[in-house]
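Visitor: Following this line is coords-v6.cif, made up of mmCIF, C-alpha atoms and all ligand atoms:
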```
data_coords
#
loop_
_atom_site.label_atom_id
_atom_site.label_comp_id
_atom_site.auth_asym_id
_atom_site.auth_seq_id
_atom_site.Cartn_x
_atom_site.Cartn_y
_atom_site.Cartn_z
CA MET Q 30 0.00 0.00 0.00
CA ILE Q 31 1.26 3.44 -0.94
CA ILE Q 32 1.25 6.13 1.75
CA ILE Q 33 0.33 9.63 0.62
CA GLY Q 34 1.88 11.75 3.40
CA GLU Q 35 -0.86 13.94 4.93
CA ARG Q 36 1.27 16.42 6.84
CA ILE Q 37 1.64 19.36 4.41
CA ASN Q 38 -1.86 20.59 5.16
CA GLY Q 39 -2.90 24.06 6.38
CA MET Q 40 -5.18 22.26 8.83
CA PHE Q 41 -2.02 21.91 10.94
CA ARG Q 42 -1.03 25.09 12.72
CA ASP Q 43 2.66 25.02 11.77
CA ILE Q 44 1.83 24.73 8.06
CA ALA Q 45 -0.86 27.44 8.26
CA LYS Q 46 1.73 29.74 9.84
CA ALA Q 47 4.35 28.82 7.23
CA ILE Q 48 1.93 29.70 4.42
CA ARG Q 49 1.00 33.02 6.08
CA GLU Q 50 4.62 34.02 6.60
CA LYS Q 51 5.92 32.45 3.36
CA ASP Q 52 8.46 30.48 5.43
CA PRO Q 53 9.50 27.37 3.45
CA ALA Q 54 11.39 25.70 6.35
CA PRO Q 55 8.52 23.79 8.09
CA VAL Q 56 7.08 22.66 4.73
CA GLN Q 57 10.44 21.40 3.50
CA GLU Q 58 11.21 19.69 6.79
CA TRP Q 59 7.92 17.73 6.61
CA ALA Q 60 8.56 16.93 2.94
CA ARG Q 61 11.96 15.39 3.76
CA LYS Q 62 10.73 13.58 6.87
CA GLN Q 63 7.75 11.98 5.12
CA GLU Q 64 9.91 10.90 2.17
CA GLU Q 65 12.47 9.39 4.54
CA MET Q 66 9.68 7.41 6.26
CA GLY Q 67 8.70 5.84 2.94
CA ALA Q 68 5.83 8.00 1.68
CA GLY Q 69 5.15 7.51 -2.04
CA TYR Q 70 3.37 10.84 -2.58
CA LEU Q 71 3.00 14.07 -0.60
CA ASP Q 72 -0.50 15.50 -0.10
CA ILE Q 73 -0.50 19.29 -0.51
CA ASN Q 74 -3.47 21.12 1.02
CA VAL Q 75 -3.49 24.87 1.72
CA GLY Q 76 -6.06 24.43 4.50
CA PRO Q 77 -9.27 26.22 5.34
CA ALA Q 78 -7.92 29.61 6.46
CA VAL Q 79 -5.91 31.07 3.55
CA SER Q 80 -7.07 34.19 1.74
CA ASP Q 81 -5.65 33.34 -1.71
CA ARG Q 82 -5.78 29.59 -2.35
CA VAL Q 83 -4.32 29.86 -5.87
CA ASP Q 84 -1.27 31.74 -4.66
CA ALA Q 85 -0.85 29.49 -1.59
CA MET Q 86 -1.04 26.28 -3.64
CA ARG Q 87 1.51 27.52 -6.18
CA TRP Q 88 3.90 28.48 -3.35
CA LEU Q 89 3.44 25.19 -1.45
CA VAL Q 90 4.12 23.15 -4.59
CA GLU Q 91 7.23 25.15 -5.44
CA VAL Q 92 8.82 24.95 -1.99
CA THR Q 93 7.92 21.26 -1.55
CA GLN Q 94 9.60 20.38 -4.84
CA GLU Q 95 12.82 22.04 -3.68
CA ALA Q 96 12.99 19.50 -0.84
CA SER Q 97 11.58 16.27 -2.32
CA LYS Q 98 11.28 14.51 -5.67
CA LEU Q 99 8.11 12.64 -4.63
CA PRO Q 100 5.03 13.12 -6.81
CA LEU Q 101 2.48 15.50 -5.29
CA CYS Q 102 -1.20 14.96 -4.51
CA LEU Q 103 -2.87 18.36 -4.90
CA ASP Q 104 -5.69 18.45 -2.34
CA SER Q 105 -8.30 21.17 -2.82
CA THR Q 106 -11.95 21.70 -3.75
CA ASP Q 107 -10.83 24.86 -5.58
CA TYR Q 108 -9.95 23.75 -9.11
CA ASP Q 109 -8.27 27.06 -9.93
CA ALA Q 110 -5.85 26.29 -7.07
CA ILE Q 111 -5.38 22.73 -8.39
CA GLU Q 112 -4.63 24.04 -11.88
CA ALA Q 113 -2.14 26.60 -10.52
CA GLY Q 114 -0.39 23.72 -8.73
CA LEU Q 115 -0.38 21.51 -11.83
CA GLU Q 116 1.18 24.33 -13.88
CA VAL Q 117 4.26 24.38 -11.65
CA CYS Q 118 4.54 20.62 -10.91
CA LYS Q 119 7.75 19.17 -12.33
CA ARG Q 120 6.41 15.62 -12.35
CA PRO Q 121 2.95 14.14 -13.08
CA ALA Q 122 0.77 14.76 -10.03
CA MET Q 123 -2.45 13.46 -8.51
CA ILE Q 124 -5.60 15.62 -8.37
CA ASN Q 125 -7.35 15.26 -4.99
CA SER Q 126 -10.28 15.14 -5.66
CA VAL Q 127 -13.51 15.09 -7.68
CA PRO Q 128 -17.01 14.02 -6.58
CA ALA Q 129 -19.51 12.38 -8.96
CA ILE Q 130 -20.94 15.74 -10.03
CA GLN Q 131 -20.96 16.27 -13.79
CA GLU Q 132 -19.52 19.77 -14.14
CA LYS Q 133 -16.75 18.98 -11.65
CA MET Q 134 -15.89 15.72 -13.44
CA ASP Q 135 -15.81 17.66 -16.75
CA ARG Q 136 -13.26 20.10 -15.34
CA VAL Q 137 -11.09 17.60 -13.47
CA PHE Q 138 -10.84 14.90 -16.16
CA THR Q 139 -9.99 17.62 -18.71
CA LEU Q 140 -7.20 18.83 -16.41
CA ALA Q 141 -6.03 15.22 -15.90
CA GLY Q 142 -5.73 14.75 -19.67
CA LYS Q 143 -3.91 18.04 -20.13
CA TYR Q 144 -1.39 17.51 -17.30
CA ASP Q 145 -1.13 13.70 -17.41
CA ALA Q 146 -2.37 13.62 -13.81
CA GLU Q 147 -3.90 10.84 -11.74
CA VAL Q 148 -7.29 11.57 -10.12
CA ILE Q 149 -8.94 10.71 -6.79
CA GLY Q 150 -12.69 10.25 -7.35
CA LEU Q 151 -14.96 10.58 -4.30
CA ALA Q 152 -18.02 8.39 -3.76
CA MET Q 153 -20.25 11.40 -3.16
CA SER Q 154 -22.72 13.51 -5.16
CA GLU Q 155 -24.73 16.72 -4.69
CA GLU Q 156 -26.67 14.81 -2.03
CA GLY Q 157 -23.52 14.14 0.02
CA ILE Q 158 -22.01 10.82 1.10
CA PRO Q 159 -24.39 7.86 0.87
CA LYS Q 160 -24.38 5.34 3.68
CA ASP Q 161 -24.75 2.02 1.89
CA SER Q 162 -22.08 0.45 -0.29
CA ASP Q 163 -24.43 -0.03 -3.29
CA SER Q 164 -24.91 3.75 -3.59
CA ARG Q 165 -21.18 4.39 -3.12
CA ILE Q 166 -20.44 1.85 -5.87
CA ALA Q 167 -23.00 3.46 -8.22
CA LEU Q 168 -21.15 6.79 -7.80
CA ALA Q 169 -17.80 5.05 -8.36
CA MET Q 170 -19.23 3.66 -11.63
CA GLU Q 171 -20.09 7.20 -12.77
CA LEU Q 172 -16.53 8.28 -12.02
CA VAL Q 173 -15.11 5.33 -13.99
CA ALA Q 174 -17.41 6.06 -16.97
CA ASN Q 175 -16.40 9.73 -17.05
CA CYS Q 176 -12.71 8.91 -16.62
CA ASP Q 177 -12.92 6.57 -19.59
CA ALA Q 178 -14.95 9.06 -21.69
CA TYR Q 179 -12.21 11.68 -21.22
CA GLY Q 180 -9.53 9.20 -22.28
CA VAL Q 181 -7.87 9.07 -18.86
CA PRO Q 182 -6.63 5.50 -18.15
CA VAL Q 183 -8.85 3.91 -15.50
CA GLN Q 184 -5.73 2.70 -13.62
CA ASN Q 185 -4.99 6.41 -13.04
CA LEU Q 186 -8.28 6.81 -11.13
CA TYR Q 187 -8.31 6.21 -7.36
CA ILE Q 188 -11.77 5.65 -5.90
CA ASP Q 189 -12.15 7.02 -2.36
CA PRO Q 190 -15.23 5.50 -0.65
CA LEU Q 191 -14.92 8.29 1.98
CA VAL Q 192 -14.11 7.45 5.58
CA LEU Q 193 -16.01 9.18 8.39
CA PRO Q 194 -14.88 9.40 12.02
CA CYS Q 195 -15.89 6.15 13.75
CA ASN Q 196 -17.41 8.06 16.67
CA VAL Q 197 -20.02 9.70 14.41
CA GLY Q 198 -20.32 7.23 11.51
CA GLN Q 199 -19.65 3.82 13.01
CA ASP Q 200 -22.17 2.22 10.66
CA HIS Q 201 -20.18 3.42 7.62
CA GLY Q 202 -17.18 1.17 8.34
CA PRO Q 203 -18.50 -2.08 6.85
CA GLU Q 204 -19.92 -0.14 3.86
CA VAL Q 205 -16.49 1.34 3.14
CA PHE Q 206 -14.87 -2.12 3.23
CA GLU Q 207 -17.54 -3.59 0.92
CA THR Q 208 -17.08 -0.65 -1.49
CA LEU Q 209 -13.30 -1.27 -1.58
CA ARG Q 210 -13.93 -4.94 -2.47
CA GLN Q 211 -16.52 -4.16 -5.17
CA VAL Q 212 -14.43 -1.46 -6.88
CA LYS Q 213 -11.96 -4.15 -7.96
CA LEU Q 214 -14.75 -5.97 -9.85
CA MET Q 215 -15.97 -2.86 -11.71
CA ALA Q 216 -13.63 -2.74 -14.68
CA ASP Q 217 -10.68 -4.62 -16.17
CA PRO Q 218 -8.17 -3.24 -15.41
CA PRO Q 219 -9.91 -1.88 -12.30
CA PRO Q 220 -9.49 1.58 -10.80
CA LYS Q 221 -7.22 1.93 -7.79
CA THR Q 222 -8.47 2.86 -4.31
CA THR Q 223 -7.54 5.31 -1.58
CA VAL Q 224 -8.89 6.67 1.73
CA GLY Q 225 -8.22 9.55 4.11
CA LEU Q 226 -7.04 7.24 6.89
CA SER Q 227 -6.82 9.71 9.79
CA ASN Q 228 -10.49 10.66 9.26
CA ILE Q 229 -11.46 7.38 11.00
CA SER Q 230 -10.08 8.52 14.35
CA GLN Q 231 -10.87 12.27 14.38
CA GLY Q 232 -12.14 13.25 17.79
CA THR Q 233 -11.33 9.89 19.39
CA LYS Q 234 -8.80 8.67 21.93
CA ASN Q 235 -5.95 6.36 20.99
CA ARG Q 236 -6.01 7.56 17.40
CA GLU Q 237 -2.96 5.62 16.19
CA LEU Q 238 -4.45 2.27 17.24
CA ILE Q 239 -7.70 3.02 15.40
CA ASN Q 240 -5.80 4.23 12.31
CA ARG Q 241 -3.59 1.18 11.99
CA THR Q 242 -6.38 -1.30 12.71
CA PHE Q 243 -8.50 0.31 10.00
CA ALA Q 244 -5.53 0.37 7.61
CA VAL Q 245 -4.80 -3.36 7.77
CA MET Q 246 -8.52 -4.27 7.54
CA ALA Q 247 -8.85 -2.06 4.45
CA MET Q 248 -5.70 -3.56 2.92
CA ALA Q 249 -7.33 -6.98 3.17
CA CYS Q 250 -10.21 -5.51 1.09
CA GLY Q 251 -7.80 -4.32 -1.62
CA LEU Q 252 -6.87 -0.80 -0.52
CA ASP Q 253 -4.03 0.46 -2.75
CA SER Q 254 -3.11 3.73 -1.02
CA ALA Q 255 -4.00 5.99 1.89
CA ILE Q 256 -3.56 9.64 2.75
CA ALA Q 257 -2.02 9.02 6.15
CA ASP Q 258 0.55 9.92 8.79
CA ALA Q 259 3.76 8.65 7.17
CA CYS Q 260 5.67 9.41 10.40
CA ASP Q 261 3.59 7.01 12.53
CA GLU Q 262 6.11 4.17 12.91
CA GLU Q 263 3.56 1.72 14.31
CA LEU Q 264 1.35 2.34 11.27
CA ILE Q 265 4.27 1.76 8.90
CA ALA Q 266 5.17 -1.45 10.76
CA ALA Q 267 1.55 -2.69 10.65
CA VAL Q 268 1.34 -1.95 6.91
CA ALA Q 269 4.64 -3.75 6.26
CA THR Q 270 3.42 -6.74 8.27
CA ALA Q 271 0.05 -6.82 6.45
CA ARG Q 272 1.91 -6.81 3.12
CA ILE Q 273 3.67 -10.03 4.16
CA ILE Q 274 0.47 -11.68 5.39
CA LEU Q 275 -1.36 -10.68 2.17
CA ASN Q 276 1.52 -12.11 0.09
CA MET Q 277 2.25 -8.71 -1.48
CA ASP Q 278 6.00 -8.81 -0.70
CA ILE Q 279 8.46 -11.60 -1.18
CA TYR Q 280 9.00 -12.91 2.30
CA CYS Q 281 10.74 -10.51 4.64
CA ASP Q 282 11.83 -7.78 2.20
CA GLY Q 283 9.76 -4.76 3.25
CA TYR Q 284 9.26 -6.26 6.71
CA VAL Q 285 12.92 -6.55 7.57
CA ASP Q 286 13.69 -3.08 6.20
CA VAL Q 287 11.03 -1.48 8.38
CA PHE Q 288 12.21 -3.17 11.55
CA LYS Q 289 15.86 -2.56 10.78
CA ASN Q 290 15.16 1.15 10.40
CA GLN Q 291 13.15 1.23 13.61
CA ASN Q 292 15.93 -0.34 15.61
CA LYS Q 293 18.72 1.92 14.50
N1 LIG Q 301 -10.12 11.87 1.18
C1 LIG Q 301 -9.34 12.54 0.29
N2 LIG Q 301 -8.55 13.57 0.66
C2 LIG Q 301 -8.53 13.97 1.95
C3 LIG Q 301 -9.30 13.30 2.91
C4 LIG Q 301 -10.13 12.22 2.48
N3 LIG Q 301 -7.73 15.01 2.33
C5 LIG Q 301 -7.82 15.57 3.65
C6 LIG Q 301 -8.12 14.49 4.67
N4 LIG Q 301 -9.22 13.69 4.24
C7 LIG Q 301 -6.90 13.62 4.87
N5 LIG Q 301 -5.89 14.32 5.61
C8 LIG Q 301 -5.98 14.49 6.99
C9 LIG Q 301 -5.03 15.28 7.62
C10 LIG Q 301 -5.09 15.46 8.99
C11 LIG Q 301 -6.09 14.86 9.73
C12 LIG Q 301 -7.02 14.05 9.11
C13 LIG Q 301 -6.97 13.86 7.73
C14 LIG Q 301 -6.19 15.10 11.20
N6 LIG Q 301 -5.80 16.27 11.68
C15 LIG Q 301 -5.84 16.63 13.06
C16 LIG Q 301 -7.29 16.62 13.58
O1 LIG Q 301 -8.20 17.01 12.83
O2 LIG Q 301 -7.51 16.23 14.72
C17 LIG Q 301 -5.29 18.03 13.21
C18 LIG Q 301 -4.46 18.11 14.41
C19 LIG Q 301 -3.78 19.45 14.55
O3 LIG Q 301 -4.45 20.46 14.30
O4 LIG Q 301 -2.62 19.46 14.87
O5 LIG Q 301 -6.65 14.25 11.91
O6 LIG Q 301 -10.85 11.57 3.26
N7 LIG Q 301 -9.37 12.14 -0.99
#
```
In C-alpha cells, how does this file's structure come out?
Guide:
Amino acid sequence: MIIIGERINGMFRDIAKAIREKDPAPVQEWARKQEEMGAGYLDINVGPAVSDRVDAMRWLVEVTQEASKLPLCLDSTDYDAIEAGLEVCKRPAMINSVPAIQEKMDRVFTLAGKYDAEVIGLAMSEEGIPKDSDSRIALAMELVANCDAYGVPVQNLYIDPLVLPCNVGQDHGPEVFETLRQVKLMADPPPKTTVGLSNISQGTKNRELINRTFAVMAMACGLDSAIADACDEELIAAVATARIILNMDIYCDGYVDVFKNQNK
C-alpha cells in the first residue's frame, strides 16, 4: 500500500503559519521527513484559512519540490488552485479530488488529460455521502465512466469511498470495506483505491491504534493507497506486516527493512 503523506496541510497550525509568513522551512522539513519514512506521494493542502488559495497552492508546490522529488497529490476543492499547482509541478501529479458531479468531473478529467495527472474520485454527489455500499459503488461507476470518456486511463483513477470518524459514523465502516472490495470488480483493469485514513479517528482517543487497525482491515479488502501519517512508525510497521500476510511482498523484504530502520 502506498502512503500519501498527509502532513503538508494548512489544517495543521505550523503549516498554516508557514503559508502566512511564506516560510518554506517547516514545509520542507515535513517533505523530507515523510519521504524518509517511505511516503510515495505528498498530499498538498493549503487548508481552510488562507485568503488566496491559488497563490498558496503555487507556493506550497514550489517549496515542496525544492525538498523532495516525490510526486504531489494536490488536495483542494478549488480547481483554480489545483490548476495553478499543476502548472508548476515538475512531475505528473495526482488531483485530490472530484465528486460524482458532472460539471466537476468535466473540469477535473480535462485537467487530468492536459497535465497527465492521476485523479482521486470521491463516492459522493450533490446529495452528500451515501451510507450504503451499493450507492457508493454506483457513484464510483459514474466516475469510472467519465474517466474513460475523457480518455484518462482507468488505472490512473483512485476511488475514495470516503471514511467518516468512527465516533459519528460507526455504521459506515463495513460499507467502506464492501465498497473497496466491489471497486476491484468494476472494470478490467480496475481503478485503484484510496482513503483519508486519519479521518477514521478524528475526535477519538488512541487515534494511532484506530488508524492502523482500520488500515490493515482495508488492505485486506484491496486498498491500494491511503492519505495518512507517514511518520507514525507503528502504522508503517503494521502496513509492512500486512503486506507479508497478504503475500504482497516476497517474504521478509519490506518487513525486515522497516524493523531494521526502527531499531537503529
Ligand atoms: N479523502 C481525500 N482527501 C482527503 C481526505 C479524504 N484530504 C484531507 C483528509 N481527508 C486527509 N488528511 C488528513 C489530515 C489530517 C487529519 C485528518 C486527515 C487530522 N488532523 C488533526 C485533527 O483534525 O484532529 C489536526 C491536528 C492538529 O491540528 O494538529 O486528523 O478523506 N481524498
Visitor: I'd like the neighbourhood of Q:Ala141 as JSON, numbers by chain, where a residue qualifies if any of its atoms comes within 12 Å (using all atoms listed in the file), though same-chain residues fewer than 2 positions away should be ignored.
Guide: {"Q": [103, 108, 111, 112, 115, 116, 121, 122, 123, 124, 125, 126, 127, 134, 135, 136, 137, 138, 139, 143, 144, 145, 146, 147, 148, 149, 150, 175, 176, 177, 179, 180, 181, 182, 183, 185, 186]}
Visitor: Leaving out stretch 208-210 of chain Q and any residue of its chain fewer than 4 positions from it, which residues lie within 7 Å of it when counting only C-alpha atoms, given as a list in words?
Guide: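 What passes the distance filter is Ser162, Arg165, Ile166, Pro190, Glu204, Thr222, Cys250, Gly251 and Leu252 of chain Q.
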Visitor: Got a sec to check which residues lie within 7 Å of ligand LIG 301 (chain Q), using all atoms listed in the file, and send them as a list in words?
Guide: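 So the residues close to ligand LIG 301 (chain Q) are Glu35, Arg36, Asn38, Met40, Phe41, Arg42, Asp104, Asn125, Ser126, Ile149, Leu151, Asp189, Leu191, Val192, Val224, Gly225, Leu226, Ser227, Asn228, Gln231, Gly232, Ile256 and Ala257 of chain Q.
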Visitor: Separation of atom CA of Q:Glu262 and atom CA of Q:Leu275, in Å?
Guide: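 Taking atom CA of Q:Glu262 as the start and atom CA of Q:Leu275 as the end point, the length is 19.8 Å.
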Visitor: Go ahead and compute the interatomic distance for atom CA of Q:Asn235 and atom CA of Q:Leu264, in Å to one decimal.
Guide: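 So the answer is 12.8 Å.
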Visitor: One number please: atom CA of Q:Ala259 to atom CA of Q:Cys102, in Å, one decimal.
Guide: 14.2 Å
Visitor: With all atoms listed in the file as the basis for distance, which of Q:Val268, Q:Val205, Q:Ala167, Q:Val56 is at the shortest distance from Q:Ile44?
Guide: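 Nearest to Q:Ile44: Q:Val56.
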Visitor: If we count only C-alpha atoms and set the cut-off at 7 Å, which residues sit around Q:Met86, ignoring sequence neighbours fewer than 4 positions away in its own chain? Please answer as a PyMOL selection string.
Guide: chain Q and resi 75+82+90+110+113-114
Visitor: I'd like to know which of Q:Ile73, Q:Ile48, Q:Ile158, Q:Met30 is closest to Q:Thr270, using all atoms listed in the file.
Guide: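 Distance minimum relative to Q:Thr270 lands on Q:Met30.
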Visitor: I need the residue nearest Q:Ile265 from this list: Q:Leu172, Q:Met66, Q:Ala152, Q:Leu71. Use all atoms listed in the file for the distance.
Guide: Q:Met66
Visitor: Quick one: residues within 12 Å of Q:Ala96, only C-alpha atoms counted, chain neighbours fewer than 4 positions away excluded, as a PyMOL selection string?
Guide: chain Q and resi 53-65+71+89-92+100
Visitor: Residues within 12 Å of (-14.6, -4.5, -12.1), file coordinates, counting only C-alpha atoms: what are they? Give the list as a ChimeraX atom specification.
Guide: /Q:166,169-170,173-174,183-184,208-221
Visitor: Using all atoms listed in the file, pick whichever of Q:Gly39, Q:Pro77, Q:Gly198, Q:Gly34 has the shortest atom-to-atom distance to Q:Pro159.
Guide: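 Going through Q:Gly39, Q:Pro77, Q:Gly198, Q:Gly34 one by one, the smallest distance to Q:Pro159 is for Q:Gly198.
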Visitor: I'd like to know which of Q:Gln94, Q:Ala47, Q:Gly67, Q:Ser105 is closest to Q:Asp286, using only C-alpha atoms.
Guide: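 Smallest distance to Q:Asp286 is found for Q:Gly67.
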Visitor: Quick one: stretch 198-209 of chain Q with all heavy atoms, as a short mmCIF file (atom, residue, chain, number, x, y, z; two decimals), in the frame of the given file?
Guide:
```cif
data_model
loop_
_atom_site.label_atom_id
_atom_site.label_comp_id
_atom_site.auth_asym_id
_atom_site.auth_seq_id
_atom_site.Cartn_x
_atom_site.Cartn_y
_atom_site.Cartn_z
N GLY Q 198 -19.80 8.03 12.63
CA GLY Q 198 -20.32 7.23 11.51
C GLY Q 198 -19.91 5.78 11.61
O GLY Q 198 -19.43 5.19 10.64
N GLN Q 199 -20.11 5.20 12.79
CA GLN Q 199 -19.65 3.82 13.01
C GLN Q 199 -20.24 2.86 11.99
O GLN Q 199 -19.57 1.93 11.54
CB GLN Q 199 -20.04 3.38 14.43
CG GLN Q 199 -19.29 2.17 14.90
CD GLN Q 199 -19.52 1.87 16.38
OE1 GLN Q 199 -20.26 2.58 17.07
NE2 GLN Q 199 -18.90 0.83 16.86
N ASP Q 200 -21.50 3.12 11.60
CA ASP Q 200 -22.17 2.22 10.66
C ASP Q 200 -21.63 2.31 9.23
O ASP Q 200 -21.93 1.49 8.38
CB ASP Q 200 -23.69 2.46 10.66
CG ASP Q 200 -24.05 3.93 10.56
OD1 ASP Q 200 -23.15 4.80 10.69
OD2 ASP Q 200 -25.23 4.24 10.34
N HIS Q 201 -20.77 3.32 8.95
CA HIS Q 201 -20.18 3.42 7.62
C HIS Q 201 -19.03 2.44 7.39
O HIS Q 201 -18.71 2.12 6.25
CB HIS Q 201 -19.66 4.85 7.36
CG HIS Q 201 -20.73 5.84 7.05
ND1 HIS Q 201 -20.95 6.34 5.78
CD2 HIS Q 201 -21.66 6.43 7.85
CE1 HIS Q 201 -21.96 7.19 5.82
NE2 HIS Q 201 -22.41 7.27 7.06
N GLY Q 202 -18.38 2.00 8.47
CA GLY Q 202 -17.18 1.17 8.34
C GLY Q 202 -17.35 -0.03 7.40
O GLY Q 202 -16.65 -0.15 6.39
N PRO Q 203 -18.32 -0.91 7.71
CA PRO Q 203 -18.50 -2.08 6.85
C PRO Q 203 -18.85 -1.70 5.40
O PRO Q 203 -18.49 -2.43 4.48
CB PRO Q 203 -19.67 -2.83 7.51
CG PRO Q 203 -19.67 -2.35 8.93
CD PRO Q 203 -19.18 -0.93 8.89
N GLU Q 204 -19.54 -0.59 5.22
CA GLU Q 204 -19.92 -0.14 3.86
C GLU Q 204 -18.68 0.29 3.08
O GLU Q 204 -18.58 0.06 1.88
CB GLU Q 204 -20.93 1.01 3.93
CG GLU Q 204 -22.13 0.77 4.83
CD GLU Q 204 -23.06 -0.33 4.34
OE1 GLU Q 204 -23.08 -0.60 3.12
OE2 GLU Q 204 -23.77 -0.92 5.19
N VAL Q 205 -17.75 0.94 3.78
CA VAL Q 205 -16.49 1.34 3.14
C VAL Q 205 -15.71 0.10 2.70
O VAL Q 205 -15.22 0.02 1.58
CB VAL Q 205 -15.65 2.22 4.10
CG1 VAL Q 205 -14.21 2.36 3.60
CG2 VAL Q 205 -16.30 3.59 4.25
N PHE Q 206 -15.62 -0.91 3.59
CA PHE Q 206 -14.87 -2.12 3.23
C PHE Q 206 -15.51 -2.83 2.04
O PHE Q 206 -14.82 -3.27 1.13
CB PHE Q 206 -14.77 -3.07 4.44
CG PHE Q 206 -13.95 -2.51 5.57
CD1 PHE Q 206 -14.38 -2.60 6.89
CD2 PHE Q 206 -12.74 -1.87 5.32
CE1 PHE Q 206 -13.62 -2.08 7.93
CE2 PHE Q 206 -11.97 -1.35 6.35
CZ PHE Q 206 -12.43 -1.45 7.66
N GLU Q 207 -16.85 -2.92 2.04
CA GLU Q 207 -17.54 -3.59 0.92
C GLU Q 207 -17.32 -2.81 -0.38
O GLU Q 207 -17.10 -3.40 -1.44
CB GLU Q 207 -19.04 -3.74 1.23
CG GLU Q 207 -19.84 -4.46 0.17
CD GLU Q 207 -19.35 -5.87 -0.17
OE1 GLU Q 207 -18.58 -6.47 0.61
OE2 GLU Q 207 -19.72 -6.37 -1.25
N THR Q 208 -17.33 -1.47 -0.29
CA THR Q 208 -17.08 -0.65 -1.49
C THR Q 208 -15.67 -0.93 -2.03
O THR Q 208 -15.50 -1.12 -3.24
CB THR Q 208 -17.23 0.85 -1.16
OG1 THR Q 208 -18.52 1.05 -0.57
CG2 THR Q 208 -17.10 1.71 -2.41
N LEU Q 209 -14.68 -0.99 -1.14
CA LEU Q 209 -13.30 -1.27 -1.58
C LEU Q 209 -13.24 -2.61 -2.33
O LEU Q 209 -12.57 -2.72 -3.35
CB LEU Q 209 -12.35 -1.30 -0.38
CG LEU Q 209 -12.08 0.04 0.30
CD1 LEU Q 209 -11.25 -0.17 1.57
CD2 LEU Q 209 -11.34 1.00 -0.65
#
```
